[in-house]
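upload.csv, holding CSV, C-alpha atoms and all ligand atoms:
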```
chain,number,residue,atom,x,y,z
A,879,VAL,CA,-29.1,0.6,-11.6
A,880,ALA,CA,-25.5,-0.6,-12.2
A,881,ILE,CA,-23.5,1.1,-9.4
A,882,LEU,CA,-24.8,2.0,-6.0
A,883,PHE,CA,-22.9,4.5,-3.7
A,884,LEU,CA,-23.4,3.8,0.0
A,885,SER,CA,-21.9,6.0,2.6
A,886,GLU,CA,-23.3,8.2,5.3
A,887,THR,CA,-20.2,10.2,5.9
A,888,ASP,CA,-18.7,10.9,2.5
A,889,PRO,CA,-19.7,13.7,0.1
A,890,VAL,CA,-22.4,11.9,-1.9
A,891,ASP,CA,-22.8,14.4,-4.8
A,892,GLU,CA,-19.1,14.6,-5.3
A,893,TRP,CA,-18.8,10.9,-5.4
A,894,ALA,CA,-21.7,10.4,-7.7
A,895,ALA,CA,-20.2,12.9,-10.1
A,896,ALA,CA,-16.7,11.4,-10.0
A,897,LEU,CA,-18.1,7.8,-10.6
A,898,ALA,CA,-20.3,9.1,-13.4
A,899,ARG,CA,-17.3,10.7,-15.1
A,900,ALA,CA,-15.1,7.6,-14.6
A,901,LEU,CA,-17.9,5.3,-15.9
A,902,PRO,CA,-19.6,7.2,-18.8
A,903,GLY,CA,-22.9,5.7,-19.8
A,904,GLU,CA,-23.3,3.7,-16.5
A,905,ASP,CA,-26.3,4.3,-14.2
A,906,VAL,CA,-24.8,5.5,-10.9
A,907,ARG,CA,-27.1,6.0,-7.9
A,908,THR,CA,-26.8,6.8,-4.3
A,909,GLY,CA,-28.7,4.9,-1.7
A,910,PRO,CA,-29.9,2.7,-0.2
A,911,ALA,CA,-33.3,4.4,0.0
A,912,GLY,CA,-35.5,4.1,-3.1
A,913,ILE,CA,-33.4,1.7,-5.0
A,914,ASP,CA,-34.5,-1.7,-6.5
A,915,GLY,CA,-31.9,-3.9,-4.8
A,916,ALA,CA,-32.1,-6.6,-7.5
A,917,SER,CA,-30.9,-4.1,-10.1
A,918,VAL,CA,-27.6,-3.3,-8.4
A,919,GLU,CA,-24.5,-4.8,-9.9
A,920,PHE,CA,-21.7,-3.1,-7.9
A,921,ALA,CA,-21.6,-1.3,-4.6
A,922,VAL,CA,-19.1,1.4,-3.6
A,923,ALA,CA,-19.2,1.6,0.2
A,924,TRP,CA,-17.9,3.1,3.4
A,925,ARG,CA,-19.3,1.6,6.6
A,926,PRO,CA,-22.4,0.3,4.8
A,927,PRO,CA,-25.3,-0.2,7.3
A,928,ALA,CA,-25.5,-3.8,8.5
A,929,GLY,CA,-27.6,-5.9,6.1
A,930,ALA,CA,-27.5,-3.2,3.3
A,931,LEU,CA,-25.3,-5.4,1.0
A,932,ALA,CA,-27.4,-8.5,1.8
A,933,ALA,CA,-30.4,-6.7,0.3
A,934,LEU,CA,-28.6,-6.6,-3.1
A,935,PRO,CA,-29.0,-10.1,-4.4
A,936,ASN,CA,-27.3,-9.6,-7.8
A,937,LEU,CA,-24.3,-7.8,-6.5
A,938,ARG,CA,-21.0,-8.8,-8.2
A,939,ALA,CA,-18.6,-7.0,-5.9
A,940,VAL,CA,-18.4,-4.3,-3.2
A,941,PHE,CA,-15.6,-1.7,-3.4
A,942,SER,CA,-14.3,-0.1,-0.3
A,943,LEU,CA,-13.8,3.6,-0.3
A,944,GLY,CA,-10.6,3.1,1.6
A,945,ALA,CA,-7.6,0.7,1.7
A,946,GLY,CA,-9.1,-1.0,4.7
A,947,VAL,CA,-12.1,-3.4,4.5
A,948,ASP,CA,-12.7,-4.0,8.2
A,949,HIS,CA,-15.8,-1.7,8.0
A,950,VAL,CA,-17.3,-4.1,5.3
A,951,LEU,CA,-16.2,-7.4,6.7
A,952,GLY,CA,-17.7,-6.5,10.1
A,953,ASP,CA,-21.2,-6.8,8.7
A,954,PRO,CA,-22.5,-10.2,10.0
A,955,GLY,CA,-25.0,-10.3,7.1
A,956,LEU,CA,-22.3,-9.9,4.4
A,957,PRO,CA,-23.1,-12.5,1.6
A,958,ALA,CA,-20.6,-15.3,1.9
A,959,ASN,CA,-19.2,-15.3,-1.6
A,960,LEU,CA,-19.4,-11.7,-2.4
A,961,PRO,CA,-16.0,-10.3,-3.6
A,962,VAL,CA,-14.8,-7.5,-1.4
A,963,VAL,CA,-12.3,-5.2,-3.1
A,964,ARG,CA,-10.1,-2.7,-1.2
A,965,LEU,CA,-8.9,0.6,-2.7
A,966,ILE,CA,-5.4,0.6,-4.2
A,967,ASP,CA,-4.8,4.1,-5.3
A,968,PRO,CA,-1.5,5.8,-6.0
A,969,ASP,CA,-2.9,9.1,-4.6
A,970,LEU,CA,-3.8,7.4,-1.3
A,971,THR,CA,-0.4,5.8,-1.2
A,972,ARG,CA,1.4,9.1,-1.8
A,973,GLN,CA,-0.5,10.8,1.0
A,974,MET,CA,0.3,8.0,3.5
A,975,THR,CA,3.9,8.1,2.5
A,976,GLU,CA,4.0,11.8,3.2
A,977,TRP,CA,2.3,11.4,6.6
A,978,VAL,CA,4.5,8.5,7.7
A,979,VAL,CA,7.8,10.2,6.6
A,980,MET,CA,6.7,13.5,8.3
A,981,ASN,CA,6.0,11.7,11.6
A,982,VAL,CA,9.0,9.4,11.6
A,983,LEU,CA,11.2,12.5,10.9
A,984,ARG,CA,9.4,14.4,13.7
A,985,HIS,CA,10.1,11.7,16.2
A,986,HIS,CA,13.7,11.1,14.9
A,987,ARG,CA,14.5,14.8,15.2
A,988,ALA,CA,12.9,15.1,18.7
A,989,MET,CA,10.2,17.6,17.6
A,990,PRO,CA,7.7,16.5,20.4
A,991,ASP,CA,10.5,17.4,22.9
A,992,TYR,CA,11.3,20.7,21.1
A,993,ALA,CA,7.6,21.6,21.2
A,994,ALA,CA,7.6,21.1,25.0
A,995,GLN,CA,10.8,23.1,25.3
A,996,GLN,CA,9.3,25.9,23.2
A,997,ALA,CA,6.3,26.1,25.6
A,998,GLU,CA,8.8,26.7,28.4
A,999,GLY,CA,11.0,29.1,26.4
A,1000,LEU,CA,13.8,26.7,26.6
A,1001,TRP,CA,16.8,27.0,24.2
A,1002,ARG,CA,18.5,23.6,24.5
A,1003,GLU,CA,19.9,21.1,22.0
A,1004,ILE,CA,18.7,17.5,22.2
A,1005,ALA,CA,21.2,14.9,21.0
A,1006,VAL,CA,19.9,13.0,18.0
A,1007,PRO,CA,21.6,9.9,16.5
A,1008,PRO,CA,22.4,9.7,12.8
A,1009,ALA,CA,19.6,8.1,10.8
A,1010,ARG,CA,21.6,4.9,10.2
A,1011,GLU,CA,21.5,4.3,14.0
A,1012,ARG,CA,17.8,5.1,14.2
A,1013,ARG,CA,15.9,1.8,14.0
A,1014,VAL,CA,12.5,2.3,12.3
A,1015,GLY,CA,10.1,-0.7,12.3
A,1016,ILE,CA,7.1,-0.9,10.1
A,1017,MET,CA,4.2,-3.3,11.0
A,1018,GLY,CA,2.7,-4.3,7.7
A,1019,LEU,CA,4.6,-4.1,4.4
A,1020,GLY,CA,1.7,-4.0,2.0
A,1021,VAL,CA,0.9,-1.3,-0.5
A,1022,LEU,CA,1.1,1.5,2.1
A,1023,GLY,CA,3.9,0.1,4.4
A,1024,GLY,CA,6.0,-0.9,1.4
A,1025,ALA,CA,5.8,2.6,-0.1
A,1026,ALA,CA,6.6,4.3,3.2
A,1027,ALA,CA,9.6,1.9,3.6
A,1028,THR,CA,10.9,2.9,0.2
A,1029,ALA,CA,10.7,6.6,1.1
A,1030,LEU,CA,12.3,6.1,4.6
A,1031,VAL,CA,15.2,4.1,3.3
A,1032,SER,CA,16.3,7.1,1.3
A,1033,PHE,CA,17.1,8.9,4.6
A,1034,GLY,CA,19.3,6.0,5.6
A,1035,PHE,CA,17.2,4.7,8.6
A,1036,ALA,CA,17.9,1.2,9.9
A,1037,LEU,CA,14.7,-0.3,8.6
A,1038,ALA,CA,12.8,-3.4,9.6
A,1039,ALA,CA,9.3,-4.7,8.9
A,1040,TRP,CA,7.0,-7.2,10.3
A,1041,VAL,CA,4.7,-9.2,8.1
A,1042,ARG,CA,2.8,-12.5,8.0
A,1043,SER,CA,4.6,-14.3,5.2
A,1044,ARG,CA,8.4,-14.5,5.0
A,1045,ARG,CA,10.1,-13.4,1.8
A,1046,PRO,CA,13.3,-11.7,0.7
A,1047,TRP,CA,13.3,-7.9,1.3
A,1048,PRO,CA,16.2,-5.8,0.1
A,1049,LEU,CA,15.5,-2.6,2.1
A,1050,GLY,CA,16.0,-4.0,5.6
A,1051,GLU,CA,15.4,-6.8,8.1
A,1052,LEU,CA,12.2,-8.7,7.6
A,1053,PHE,CA,10.5,-10.4,10.6
A,1054,ALA,CA,7.4,-12.7,10.1
A,1055,GLY,CA,4.7,-14.2,12.2
A,1056,GLN,CA,4.2,-14.4,15.9
A,1057,GLU,CA,7.7,-15.7,16.5
A,1058,GLY,CA,9.1,-12.7,14.7
A,1059,LEU,CA,7.2,-10.1,16.6
A,1060,GLY,CA,9.3,-10.0,19.8
A,1061,PRO,CA,12.7,-9.6,18.0
A,1062,PHE,CA,11.2,-7.1,15.6
A,1063,LEU,CA,9.9,-4.9,18.5
A,1064,ALA,CA,13.2,-5.3,20.5
A,1065,ARG,CA,15.1,-3.6,17.7
A,1066,THR,CA,12.6,-0.8,16.9
A,1067,ASP,CA,13.0,2.8,18.2
A,1068,ILE,CA,10.2,4.2,16.1
A,1069,LEU,CA,7.3,1.9,15.5
A,1070,VAL,CA,4.9,2.5,12.6
A,1071,CYS,CA,1.7,0.5,12.4
A,1072,LEU,CA,0.3,0.0,8.9
A,1073,LEU,CA,-1.5,-3.3,9.4
A,1074,PRO,CA,-5.0,-4.1,8.4
A,1075,LEU,CA,-7.4,-4.6,11.3
A,1076,THR,CA,-8.2,-8.3,11.5
A,1077,ALA,CA,-8.9,-10.8,14.2
A,1078,GLU,CA,-5.2,-11.4,14.5
A,1079,THR,CA,-4.0,-7.8,14.7
A,1080,ARG,CA,-6.8,-6.3,16.9
A,1081,GLY,CA,-5.2,-4.9,20.1
A,1082,ILE,CA,-1.6,-5.7,18.9
A,1083,LEU,CA,-0.3,-2.4,20.2
A,1084,ASP,CA,-0.7,-3.3,23.8
A,1085,GLY,CA,1.3,-3.3,27.0
A,1086,ARG,CA,3.2,-6.5,26.0
A,1087,ALA,CA,4.2,-4.9,22.7
A,1088,PHE,CA,5.3,-1.7,24.4
A,1089,ALA,CA,7.3,-3.7,27.0
A,1090,ALA,CA,9.2,-5.4,24.2
A,1091,LEU,CA,10.2,-2.1,22.6
A,1092,PRO,CA,13.5,-0.4,23.7
A,1093,PRO,CA,13.1,2.2,26.4
A,1094,GLY,CA,12.1,5.6,25.0
A,1095,ALA,CA,10.6,4.2,21.8
A,1096,ALA,CA,8.0,6.2,19.9
A,1097,VAL,CA,4.8,4.7,18.4
A,1098,ILE,CA,3.0,5.9,15.3
A,1099,ASN,CA,-0.4,4.5,14.4
A,1100,ALA,CA,-1.8,5.2,11.0
A,1101,ALA,CA,-3.7,2.0,10.6
A,1102,ARG,CA,-6.9,1.6,12.7
A,1103,GLY,CA,-7.9,2.6,16.3
A,1104,GLY,CA,-8.7,-1.1,17.0
A,1105,HIS,CA,-4.9,-2.0,16.8
A,1106,LEU,CA,-4.2,0.1,20.0
A,1107,VAL,CA,-5.1,-0.7,23.6
A,1108,GLU,CA,-5.5,2.9,24.6
A,1109,ALA,CA,-5.1,2.5,28.4
A,1110,ASP,CA,-1.8,0.5,27.8
A,1111,LEU,CA,-0.4,3.4,25.7
A,1112,ILE,CA,-1.2,6.0,28.4
A,1113,ALA,CA,0.4,3.7,31.0
A,1114,ALA,CA,3.6,3.2,28.9
A,1115,LEU,CA,3.9,6.9,28.3
A,1116,GLU,CA,3.4,7.7,32.0
A,1117,SER,CA,6.0,5.2,33.1
A,1118,GLY,CA,8.5,6.6,30.6
A,1119,LYS,CA,8.8,3.3,28.7
A,1120,LEU,CA,7.6,5.1,25.6
A,1121,SER,CA,8.7,8.7,24.8
A,1122,ALA,CA,5.9,9.8,22.6
A,1123,ALA,CA,3.1,8.7,20.2
A,1124,THR,CA,1.5,10.0,17.1
A,1125,LEU,CA,-2.0,8.7,16.4
A,1126,ASP,CA,-4.2,9.2,13.3
A,1127,VAL,CA,-6.9,6.6,14.1
A,1128,PHE,CA,-9.0,5.9,17.2
A,1129,ALA,CA,-11.4,3.3,18.5
A,1130,ASP,CA,-14.0,6.0,18.7
A,1131,GLU,CA,-14.0,8.5,15.8
A,1132,PRO,CA,-14.3,11.5,16.0
A,1133,LEU,CA,-12.2,11.3,19.2
A,1134,PRO,CA,-14.6,12.5,21.9
A,1135,PRO,CA,-13.7,15.9,23.5
A,1136,PRO,CA,-13.1,14.5,27.0
A,1137,HIS,CA,-10.7,11.8,25.7
A,1138,PRO,CA,-7.3,12.0,27.5
A,1139,PHE,CA,-5.4,11.7,24.2
A,1140,TRP,CA,-6.4,15.3,23.2
A,1141,ARG,CA,-4.5,16.9,26.1
A,1142,HIS,CA,-1.7,14.3,26.7
A,1143,PRO,CA,1.6,16.2,26.4
A,1144,ARG,CA,3.3,13.1,24.7
A,1145,ILE,CA,0.6,12.3,22.2
A,1146,THR,CA,0.0,14.0,18.9
A,1147,VAL,CA,-3.4,13.6,17.4
A,1148,THR,CA,-4.5,13.9,13.7
A,1149,PRO,CA,-8.2,13.3,12.8
A,1150,HIS,CA,-7.9,10.2,10.5
A,1151,VAL,CA,-6.3,12.2,7.7
A,1152,ALA,CA,-3.1,10.3,7.0
A,1153,ALA,CA,-4.5,9.3,3.7
A,1154,VAL,CA,-7.8,10.7,2.6
A,1155,THR,CA,-9.6,9.1,-0.4
A,1156,ARG,CA,-10.1,11.7,-3.1
A,1157,PRO,CA,-13.3,10.8,-5.1
A,1158,GLU,CA,-11.8,11.7,-8.5
A,1159,CYS,CA,-8.7,9.5,-8.0
A,1160,ALA,CA,-10.5,6.6,-6.4
A,1161,ALA,CA,-13.3,6.6,-8.9
A,1162,ARG,CA,-10.7,6.0,-11.7
A,1163,GLU,CA,-9.4,2.9,-9.8
A,1164,ILE,CA,-12.9,1.6,-9.1
A,1165,ALA,CA,-13.9,2.1,-12.7
A,1166,ALA,CA,-10.8,0.1,-13.9
A,1167,ASN,CA,-11.8,-2.8,-11.6
A,1168,ILE,CA,-15.4,-2.7,-12.9
A,1169,ARG,CA,-14.0,-3.0,-16.4
A,1170,ARG,CA,-11.7,-5.9,-15.4
A,1171,CYS,CA,-14.7,-7.7,-13.7
A,1172,ARG,CA,-16.9,-7.2,-16.8
A,1173,ALA,CA,-14.1,-8.6,-19.0
A,1174,GLY,CA,-14.0,-11.7,-16.7
A,1175,GLY,CA,-10.5,-10.9,-15.3
A,1176,PRO,CA,-9.4,-10.6,-11.7
A,1177,MET,CA,-9.9,-7.3,-9.9
A,1178,ARG,CA,-7.0,-5.5,-8.2
A,1179,GLY,CA,-7.3,-5.5,-4.5
A,1180,THR,CA,-9.7,-8.3,-4.0
A,1181,VAL,CA,-9.3,-9.3,-0.4
A,1182,ASP,CA,-8.9,-12.8,1.0
A,1183,ARG,CA,-12.0,-12.9,3.2
A,1184,ARG,CA,-10.7,-15.7,5.4
A,1185,ARG,CA,-7.4,-13.7,6.1
A,1186,GLY,CA,-9.4,-10.5,6.6
A,1187,TYR,CA,-7.2,-8.4,4.2
A,1201,LIG,N1,-5.1,6.5,8.5
A,1201,LIG,C1,-5.5,6.5,7.3
A,1201,LIG,O1,-5.9,7.5,6.8
A,1201,LIG,C2,-5.5,5.2,6.5
A,1201,LIG,C3,-5.6,5.3,5.1
A,1201,LIG,C4,-5.6,4.1,4.4
A,1201,LIG,C5,-5.4,2.9,5.0
A,1201,LIG,N2,-5.2,2.8,6.3
A,1201,LIG,C6,-5.0,1.5,7.0
A,1201,LIG,O2,-3.8,0.9,6.5
A,1201,LIG,C7,-4.0,-0.5,6.4
A,1201,LIG,C8,-2.9,-1.1,5.5
A,1201,LIG,O3,-3.2,-0.8,4.1
A,1201,LIG,P1,-2.4,-1.5,2.9
A,1201,LIG,O4,-3.1,-1.2,1.7
A,1201,LIG,O5,-1.0,-1.3,3.0
A,1201,LIG,O6,-2.7,-3.1,3.2
A,1201,LIG,P2,-2.1,-4.4,2.5
A,1201,LIG,O7,-1.5,-4.0,1.2
A,1201,LIG,O8,-3.2,-5.4,2.5
A,1201,LIG,O9,-0.9,-4.9,3.5
A,1201,LIG,C9,-1.1,-5.4,4.7
A,1201,LIG,C10,0.2,-5.8,5.3
A,1201,LIG,O10,0.0,-6.2,6.7
A,1201,LIG,C11,0.6,-7.5,6.9
A,1201,LIG,N3,-0.2,-8.3,7.9
A,1201,LIG,C12,-1.5,-8.5,7.8
A,1201,LIG,N4,-1.9,-9.3,8.9
A,1201,LIG,C13,-0.7,-9.6,9.6
A,1201,LIG,C14,-0.5,-10.3,10.7
A,1201,LIG,N5,-1.4,-11.0,11.4
A,1201,LIG,N6,0.8,-10.3,11.1
A,1201,LIG,C15,1.8,-9.7,10.5
A,1201,LIG,N7,1.6,-8.9,9.4
A,1201,LIG,C16,0.3,-8.9,8.9
A,1201,LIG,C17,0.6,-8.2,5.6
A,1201,LIG,O11,1.6,-9.2,5.6
A,1201,LIG,P3,1.9,-10.0,4.3
A,1201,LIG,O12,2.7,-9.1,3.4
A,1201,LIG,O13,2.8,-11.1,4.8
A,1201,LIG,O14,0.6,-10.5,3.7
A,1201,LIG,C18,0.9,-7.0,4.6
A,1201,LIG,O15,2.3,-6.7,4.6
A,1201,LIG,C19,-5.4,-0.6,5.9
A,1201,LIG,O16,-6.0,-1.9,6.2
A,1201,LIG,C20,-6.1,0.5,6.7
A,1201,LIG,O17,-6.6,0.0,7.9
A,1201,LIG,C21,-5.3,4.0,7.1
```
As structure tokens - that is how I would like this structure written.
Amino acid sequence: VAILFLSETDPVDEWAAALARALPGEDVRTGPAGIDGASVEFAVAWRPPAGALAALPNLRAVFSLGAGVDHVLGDPGLPANLPVVRLIDPDLTRQMTEWVVMNVLRHHRAMPDYAAQQAEGLWREIAVPPARERRVGIMGLGVLGGAAATALVSFGFALAAWVRSRRPWPLGELFAGQEGLGPFLARTDILVCLLPLTAETRGILDGRAFAALPPGAAVINAARGGHLVEADLIAALESGKLSAATLDVFADEPLPPPHPFWRHPRITVTPHVAAVTRPECAAREIAANIRRCRAGGPMRGTVDRRRGY
């Protein structure tokens, strides 16, 4: 076996076929049941069962089915020096850009308020500032945040981003590190979270962050449910501090039916679909990395395991 596909939630047959097409001549299997662990060279995984990767002693790398790797790094038995590679895929990036632009525009143009007005049969204009006066702030300016920023700047929004490491950024104002967080939030009317979930970013969308935003700000989370302190969001919406939120990701997925987010008038829910990995596109990227690895070169998207992304 060369390549082992490990996921309990993704369409296994579609994935196996896409990987086989992208890697002609390779032995692609789905598992983990019935596989000789020692023969596996690469794993392609989404939420692998704890210990599953440790049972593959000759593994050269594990590829995440998504851009995030929190679901792999969370395995306490993950072999210490195993390269973990996230997915960088232009198709995924395009989908995320669409979803973020759509939702920033929705909040900018007061669509949550118009939906509420429609429910009441109310014909009333809501004043909206020009885009250059609408301060959009993106947390995380990596592959996905960077592409979303490039698209948003074309509408003329006043853009800012928050990152870990300072550098020049021509599209707007860049804030970095813990000391940059407060000033970044204070100037942000529409906040978009596109951070990886790490020890440092877990729970970052909390009451303190919401208090630092200007009154009436909107929050968009397309990153991970673990970034958001759910009770703090409800409290900030109830108090009127925040005007609305759009959420694609949740601590508990699928979002359980009794969850208050489903029926909250100021919250829009999408079921973790901002950017969905398409096997055909992702398999091409994974195959290119396998070829790079076999040629002894660096793989694209290898994460820094100490940083967590
Ligand atoms: N909802 C969905 O459908 C969906 C789909 C795909 C991905 N996602 C989520 O999107 C996330 C981002 O993906 P990506 O490919 O854009 O990641 P990426 O390229 O690794 O970029 C991560 C960005 O976050 C910043 N960052 C990380 N830790 C930080 C910290 N402690 N403080 C400030 N900034 C920090 C990084 O700063 P530096 O630039 O300074 O390093 C970088 O700009 C993924 O991890 C995943 O969770 C969601």
Find, counting all atoms listed in the file, the residue in A:Arg899, A:Arg1184, A:Arg1045, A:Arg1144 that gets nearest to Ile1098 of chain A.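 Of A:Arg899, A:Arg1184, A:Arg1045, A:Arg1144, the one nearest Ile1098 of chain A, counting all atoms listed in the file, is A:Arg1144.
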Within 9 Å of Trp977 of chain A, counting all atoms listed in the file, which residues show up once you throw out same-chain ones fewer than 5 positions away? Write them as a ChimeraX atom specification, please. /A:972,982,1026,1100,1151-1153
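Here atom N7 of ligand LIG 1201 (chain A) is placed at a distance of 24.8 Å from atom CA of Ala1009 of chain A.
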Counting all atoms listed in the file, the residue of A:Val1147, A:Ile1164, A:Val890, A:Leu983 that sits nearest ligand LIG 1201 (chain A):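 Of the candidates, the smallest distance to ligand LIG 1201 (chain A) is held by A:Val1147.
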Report, in Å to a single decimal, how far apart atom C5 of ligand LIG 1201 (chain A) and atom CA of Asp1126 of chain A are. 10.5 Å
As a quick test: using all atoms listed in the file, which residues lie no more than 7 Å away from ligand LIG 1201 (chain A)? Give them as an MDAnalysis selection string. chainID A and resid 944:947 966 970 974 1017:1023 1040:1044 1054:1055 1072:1076 1078:1079 1100:1102 1126:1127 1150:1154 1187
Okay, now the selection with C-alpha atoms, as a CSV table (one decimal), in the coordinates of the input?
```csv
chain,number,residue,atom,x,y,z
A,944,GLY,CA,-10.6,3.1,1.6
A,945,ALA,CA,-7.6,0.7,1.7
A,946,GLY,CA,-9.1,-1.0,4.7
A,947,VAL,CA,-12.1,-3.4,4.5
A,966,ILE,CA,-5.4,0.6,-4.2
A,970,LEU,CA,-3.8,7.4,-1.3
A,974,MET,CA,0.3,8.0,3.5
A,1017,MET,CA,4.2,-3.3,11.0
A,1018,GLY,CA,2.7,-4.3,7.7
A,1019,LEU,CA,4.6,-4.1,4.4
A,1020,GLY,CA,1.7,-4.0,2.0
A,1021,VAL,CA,0.9,-1.3,-0.5
A,1022,LEU,CA,1.1,1.5,2.1
A,1023,GLY,CA,3.9,0.1,4.4
A,1040,TRP,CA,7.0,-7.2,10.3
A,1041,VAL,CA,4.7,-9.2,8.1
A,1042,ARG,CA,2.8,-12.5,8.0
A,1043,SER,CA,4.6,-14.3,5.2
A,1044,ARG,CA,8.4,-14.5,5.0
A,1054,ALA,CA,7.4,-12.7,10.1
A,1055,GLY,CA,4.7,-14.2,12.2
A,1072,LEU,CA,0.3,0.0,8.9
A,1073,LEU,CA,-1.5,-3.3,9.4
A,1074,PRO,CA,-5.0,-4.1,8.4
A,1075,LEU,CA,-7.4,-4.6,11.3
A,1076,THR,CA,-8.2,-8.3,11.5
A,1078,GLU,CA,-5.2,-11.4,14.5
A,1079,THR,CA,-4.0,-7.8,14.7
A,1100,ALA,CA,-1.8,5.2,11.0
A,1101,ALA,CA,-3.7,2.0,10.6
A,1102,ARG,CA,-6.9,1.6,12.7
A,1126,ASP,CA,-4.2,9.2,13.3
A,1127,VAL,CA,-6.9,6.6,14.1
A,1150,HIS,CA,-7.9,10.2,10.5
A,1151,VAL,CA,-6.3,12.2,7.7
A,1152,ALA,CA,-3.1,10.3,7.0
A,1153,ALA,CA,-4.5,9.3,3.7
A,1154,VAL,CA,-7.8,10.7,2.6
A,1187,TYR,CA,-7.2,-8.4,4.2
```
Residues within 9 Å of Ala928 of chain A, please, as a count of residues only. Count all atoms listed in the file; anything in the same chain fewer than 3 positions from it doesn't count. 9
With all atoms listed in the file as the basis for distance, which of A:Ala997, A:Val963, A:Cys1159, A:Ala923 is at the shortest distance from His949 of chain A? A:Ala923
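Comparing A:Pro1134, A:Pro889, A:Pro1093, A:Gly1179 by their smallest distance to Leu1063 of chain A, the closest is A:Pro1093 (using all atoms listed in the file).
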Please list as a PyMOL selection string every residue within 10 Å of Ala939 of chain A, counting all atoms listed in the file and excluding residues in the same chain fewer than 6 positions away. chain A and resi 919-922+931+959-963+1167-1168+1171+1177+1180
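Shortest separation to Asp1110 of chain A among A:Arg1170, A:His1137, A:Arg964, A:Arg1086 occurs at residue A:Arg1086, atoms counted being all atoms listed in the file.
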So which residues touch Gly1085 of chain A within 9 Å, counting all atoms listed in the file, skipping near sequence neighbours fewer than 5 positions away, as a PyMOL selection string? chain A and resi 1090+1107+1109-1111+1113-1114
I'd like the interatomic distance between atom CA of Arg1156 of chain A and atom CA of Trp893 of chain A, to a tenth of an Å. 9.0 Å
Identify which of the residues A:Ala1036, A:Ala911, A:Leu943, A:Leu1052 lies closest to His986 of chain A, counting only C-alpha atoms when measuring atom-to-atom distances.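 Smallest separation from His986 of chain A among the options: A:Ala1036.
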Shell around Arg1012 of chain A at 10 Å using all atoms listed in the file, local window under 6 positions removed, as a list in words: His986, Val1006, Gly1034, Phe1035, Ala1036, Leu1037, Arg1065, Thr1066, Asp1067 and Ile1068 of chain A
